[in-house]
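Following: one structure in structure tokens, then a few remarks.
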Amino acid sequence: METQSAQRLTAAFEKKYPFIKVEGTRIGSERMASRLIAEAQTKKVQADVVSQSGFDFYGVLQKGIFERYVSPERSALPPEYRDDKGFWTVPAATLNVIAYNKKLVPLANVPKSFWDLTDAKWQGQLLMDENESKWMSGMVTYYGEAKAMDLMRKLARQAIQFRTGHSLLQTLLAAGERPIVVVAFANGVDRLKNEGAPIEWVTAEPVIGLTFGLGLVKNAPHPNAARVFIDFMLSREGQEVMGISGYFVPRSDVSSPILKEAPPKTKVIPLPMTLAPHYDEYFQTYRKVMGLK
């Protein structure tokens with residue numbers, strides 16, 4: 001979760017529970033995983049609650065780092081956003097969408113699907129992250145390998161400009177570097193829009209949600225406070241706070257503001273954490289098919 005969003009969530013929690021102070025630590029997923037494992041092995045656990053990118057969270061989950069906790073708020077989340085045993089829930093997701101520069105793409109030419117981007121008119125006009133292997137894995141899961149990989153091969157022939165990081169891609173889009181980002185983050189595009197950038201996003205089937213895993217750390221130093229914090233994140237109030245930050249929230253009685261910009265009845269497909277063990281395979285396949293070294 002981005003720093004500003006985490007601060008907003010923490011402030012709302014501490015306002016409701018002034019007797020509990022939250023000390024948040026935001027570090028990269030790989031460093032977080034290494035730290036959690038090291039703390040568990042040395043029996044010097046410092047973390048109480050972990051919220052982390054779904055794939056990285058799953059890797060830590062397999063190490064037995066998390067404690068079972070069945071929050072009373074879990075039942076308001078669809079089954080695909082929680083496990084059966086109570087080790088994890090998915091409180092939010094970042095939406096993968098197509099983004100475009102309104103000054104460079106006439107309304108009539110706005111793509112309606114990822115396949116539209118394989119049209120000859122978009123040759124040399126696309127931006128894309130050097131690592132969209134997670135998105136690709138979601139496409140394979142949704143469409144099947146044959147159809148998804150056919151799309152990837154067609155995109156690879158479009159002379160795409162590859163860059164690292166969605167924030168950079170969205171900034172380049174706003175600057176007019178190229179007219180379209182193949183896979184952008186809806187909340188990141190909205191942030192630049194709110195600052196006056198001439199960019200917009202559109203959904204394309206499937207709308208894949210990059211998930212965040214949430215879990216209680218085993219042998220946490222403050223387990224009861226941790227449970228209260230987890231309950232808050234999954235509660236209606238907590239979900240509304242995350243929704244305001246531009247994330248998709250899955251709770252059934254909360255409407256995600258980000259979806260107000262999408263067509264009615266848009267369905268978000270959460271990227272399954274169970275794909276994580278195959279991440280290296282997807283990563284290598286993506287780089288190979290897209291012609292990246």
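By order in the structure tokens, chains are A, B, ...; within a chain, residues start at 1; ligands start at 1, following the order shown.
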Residue neighbourhood A:Ser53, 12 Å, only C-alpha atoms, exclusion window fewer than 6 positions, as a CSV table (one decimal) with N, CA and C atoms, in the first residue's frame:
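As written to disk, selection_10.csv reads:
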chain,number,residue,atom,x,y,z
A,1,MET,N,0.8,-1.2,0.0
A,1,MET,CA,0.0,0.0,0.0
A,1,MET,C,0.9,1.2,0.0
A,2,GLU,N,0.5,2.2,-0.8
A,2,GLU,CA,1.3,3.5,-0.9
A,2,GLU,C,1.3,4.2,0.5
A,26,ARG,N,7.2,0.6,5.9
A,26,ARG,CA,7.0,0.3,4.5
A,26,ARG,C,8.3,0.0,3.8
A,27,ILE,N,8.5,-1.2,3.4
A,27,ILE,CA,9.7,-1.6,2.8
A,27,ILE,C,9.3,-2.5,1.6
A,28,GLY,N,10.3,-2.7,0.7
A,28,GLY,CA,10.0,-3.6,-0.5
A,28,GLY,C,9.6,-5.0,-0.1
A,29,SER,N,8.9,-5.7,-1.0
A,29,SER,CA,8.4,-7.0,-0.6
A,29,SER,C,9.5,-8.0,-0.3
A,30,GLU,N,10.5,-8.0,-1.1
A,30,GLU,CA,11.6,-9.0,-0.9
A,30,GLU,C,12.3,-8.7,0.4
A,32,MET,N,11.0,-7.3,3.0
A,32,MET,CA,10.0,-7.6,4.0
A,32,MET,C,10.0,-9.1,4.3
A,33,ALA,N,10.0,-9.9,3.2
A,33,ALA,CA,10.0,-11.3,3.3
A,33,ALA,C,11.2,-11.8,4.1
A,59,GLY,N,4.4,-16.3,-0.6
A,59,GLY,CA,5.7,-17.0,-0.4
A,59,GLY,C,6.0,-17.0,1.1
A,60,VAL,N,5.8,-15.9,1.8
A,60,VAL,CA,6.0,-15.9,3.3
A,60,VAL,C,5.0,-16.8,4.0
A,61,LEU,N,3.8,-16.9,3.5
A,61,LEU,CA,2.8,-17.8,4.1
A,61,LEU,C,3.2,-19.2,4.1
A,89,THR,N,-6.5,-12.9,4.3
A,89,THR,CA,-7.6,-12.2,3.6
A,89,THR,C,-7.0,-11.3,2.6
A,90,VAL,N,-7.8,-10.9,1.6
A,90,VAL,CA,-7.4,-9.8,0.7
A,90,VAL,C,-8.3,-8.6,0.9
A,91,PRO,N,-7.7,-7.6,1.5
A,91,PRO,CA,-8.5,-6.4,1.9
A,91,PRO,C,-8.7,-5.4,0.7
A,92,ALA,N,-7.8,-5.5,-0.3
A,92,ALA,CA,-7.9,-4.5,-1.4
A,92,ALA,C,-7.1,-5.0,-2.6
A,93,ALA,N,-7.3,-4.3,-3.7
A,93,ALA,CA,-6.6,-4.7,-4.9
A,93,ALA,C,-6.4,-3.4,-5.8
A,94,THR,N,-5.3,-3.4,-6.5
A,94,THR,CA,-5.1,-2.4,-7.5
A,94,THR,C,-5.6,-2.8,-8.9
A,134,LYS,N,2.8,-10.7,-13.9
A,134,LYS,CA,1.6,-11.0,-13.0
A,134,LYS,C,0.4,-10.8,-13.8
A,209,GLY,N,-7.3,-7.6,-10.7
A,209,GLY,CA,-7.0,-6.8,-9.5
A,209,GLY,C,-5.7,-7.4,-8.9
A,210,LEU,N,-4.6,-6.6,-8.8
A,210,LEU,CA,-3.4,-7.1,-8.1
A,210,LEU,C,-3.7,-7.0,-6.6
A,211,THR,N,-3.6,-8.1,-6.0
A,211,THR,CA,-4.1,-8.2,-4.6
A,211,THR,C,-3.0,-8.0,-3.6
A,212,PHE,N,-3.5,-7.6,-2.3
A,212,PHE,CA,-2.7,-7.5,-1.2
A,212,PHE,C,-3.1,-8.6,-0.2
A,213,GLY,N,-2.2,-9.3,0.4
A,213,GLY,CA,-2.5,-10.3,1.4
A,213,GLY,C,-2.4,-9.6,2.8
A,214,LEU,N,-3.2,-10.0,3.7
A,214,LEU,CA,-3.3,-9.5,5.0
A,214,LEU,C,-3.2,-10.7,6.0
A,215,GLY,N,-2.3,-10.6,7.0
A,215,GLY,CA,-2.2,-11.7,7.9
A,215,GLY,C,-1.7,-11.3,9.3
A,271,LEU,N,-6.2,-11.5,-8.8
A,271,LEU,CA,-5.1,-12.3,-9.2
A,271,LEU,C,-4.9,-13.4,-8.1
A,272,PRO,N,-5.1,-14.7,-8.4
A,272,PRO,CA,-5.0,-15.7,-7.3
A,272,PRO,C,-3.5,-15.8,-6.8
A,273,MET,N,-3.4,-15.7,-5.5
A,273,MET,CA,-2.1,-15.9,-4.8
A,273,MET,C,-1.5,-17.2,-5.1
A,276,ALA,N,1.5,-17.8,-7.3
A,276,ALA,CA,2.9,-17.4,-6.9
A,276,ALA,C,4.0,-18.4,-7.1
Margin query: Quick check for you: according to DSSP on this backbone, which residues of stretch 94-185 of chain A are classed as alpha helix (DSSP H)? Reply as a VMD selection string.
Written below: chain A and resid 133 to 143 145 to 156 166 to 175
Next item on the list: Can you pull out every residue within 6 Å of stretch 154-171 of chain A, counting only C-alpha atoms, but drop anything in the same chain fewer than 2 positions away, and send it as number ranges by chain?
Entry: A: 118, 123-124, 126-130, 151-152, 173-174, 290
Grab the residues selected above and save them as a compact mmCIF listing (two decimals), in the first residue's frame with C-alpha atoms.
# COMPACT_ATOMS: atom_id res chain seq x y z
CA THR A 118 -2.76 -5.10 -31.65
CA GLN A 123 2.42 0.27 -33.99
CA GLY A 124 5.13 2.19 -32.14
CA LEU A 126 2.45 1.83 -26.83
CA LEU A 127 4.16 1.95 -23.43
CA MET A 128 4.42 -1.11 -21.19
CA ASP A 129 6.23 -2.21 -18.05
CA GLU A 130 9.26 -4.45 -18.44
CA LEU A 151 -2.38 -11.79 -27.50
CA MET A 152 1.10 -11.45 -26.01
CA LEU A 173 1.90 9.10 -20.70
CA ALA A 174 0.90 12.41 -19.13
CA MET A 290 8.07 -9.85 -25.52
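For the set A:Pro106, A:Gly24, A:Gly138, A:Pro72, the residue with the smallest atom-to-atom gap to A:Tyr282 is A:Gly138, counting only C-alpha atoms.
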Next item on the list: Pick out each residue of stretch 101-196 of chain A that DSSP on the backbone tags as strand (DSSP E); I need them as a PyMOL selection string.
Entry: chain A and resi 101+126-129+161-163+180-185
Check: Just how far from atom CA of A:Phe283 is atom CA of A:Met136, in Å to one decimal?
Finding: 9.0 Å
